[in-house]
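Encoded as structure tokens, the structure appears first; notes follow it.
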Amino acid sequence: MPKMNLSHFEASMLFALFTSIVLGVITKRTDRERIRYAAYCFGCFVAAVFALSWLMYLGHG
Amino acid sequence: MAENSNALPPASKWAPALLLAWLIPGGGHFLLKRPGRGALLLACVASMFLLGLMMRGALFSPQTGDILTTVIYVGGFIANIMSGILYLLSNWLGYNQVDMAGHVHDYGTKFLVAAGLLNILAMVDAFEIATGRKD
């Protein structure tokens, strides 16, 4: 099996993508709602990544 | 007397879907004739698990000791097992990565655990569909 080296950002984006799709698929009842919810979750993950990254960067000084 | 609408249907109605959902991520949805959703779940759980393997993440084995050790190792083991055939195949094919320092290995371990946790969500969804609580 090939070895893969991902950066923090790449790994967190892939995690956000797959988790958002699953959350969208299982929580809503129509396809339109599922797509919207998956996109919303992905946006929240990305926002959290950037917010926490800046928080850690500023916290370290 | 009014019939209780929350009563659990017989196990024969939902157990096969639940078991298949555990064994093959998305399999419960395929059995219940939701192939689109099943394919998405299969793709996401399998991709996450394979990425975890490619990042050389560690699979947990149950250990007990202090409460934190027990929660992490037993919880991690249960989450790994919930990936079904992906976990079983990895074990049968001899995947044995020791827990190493490094952010890539660490992400790999988390991806392997997360794949199992996502499959638990898929199993719950299959159960709800099989019992008629959801379309």
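Every chain in the structure tokens has a letter given in the order shown (A, B, ...), and although residue numbers restart at 1 in each chain, ligands are simply numbered from 1 in the order shown.
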
- Message: Taking only C-alpha atoms into account and nothing else, which residues of chain B lie no more than 8 Å away from chain A? Please answer as a ChimeraX atom specification.
- Response: /B:37,40-41,44-45,48,51,54-56,103-104,107,111,118,121-122,125,134-135

- Task: Can you list, as a VMD selection string, all residues belonging to chain B that DSSP tags as alpha helix (DSSP H)?
- Result: chain B and resid 11 to 23 27 to 31 35 to 54 67 to 81 85 to 92 103 to 130

- Item | Contacts of B:Val74 at 8 Å (only C-alpha atoms; same-chain gap of 4+ positions) as a ChimeraX atom specification | /B:60-64,70,78

- Residue nearest B:Thr109 among B:Leu31, B:Leu50, B:Ala7, B:Leu23 (counting only C-alpha atoms): B:Leu50
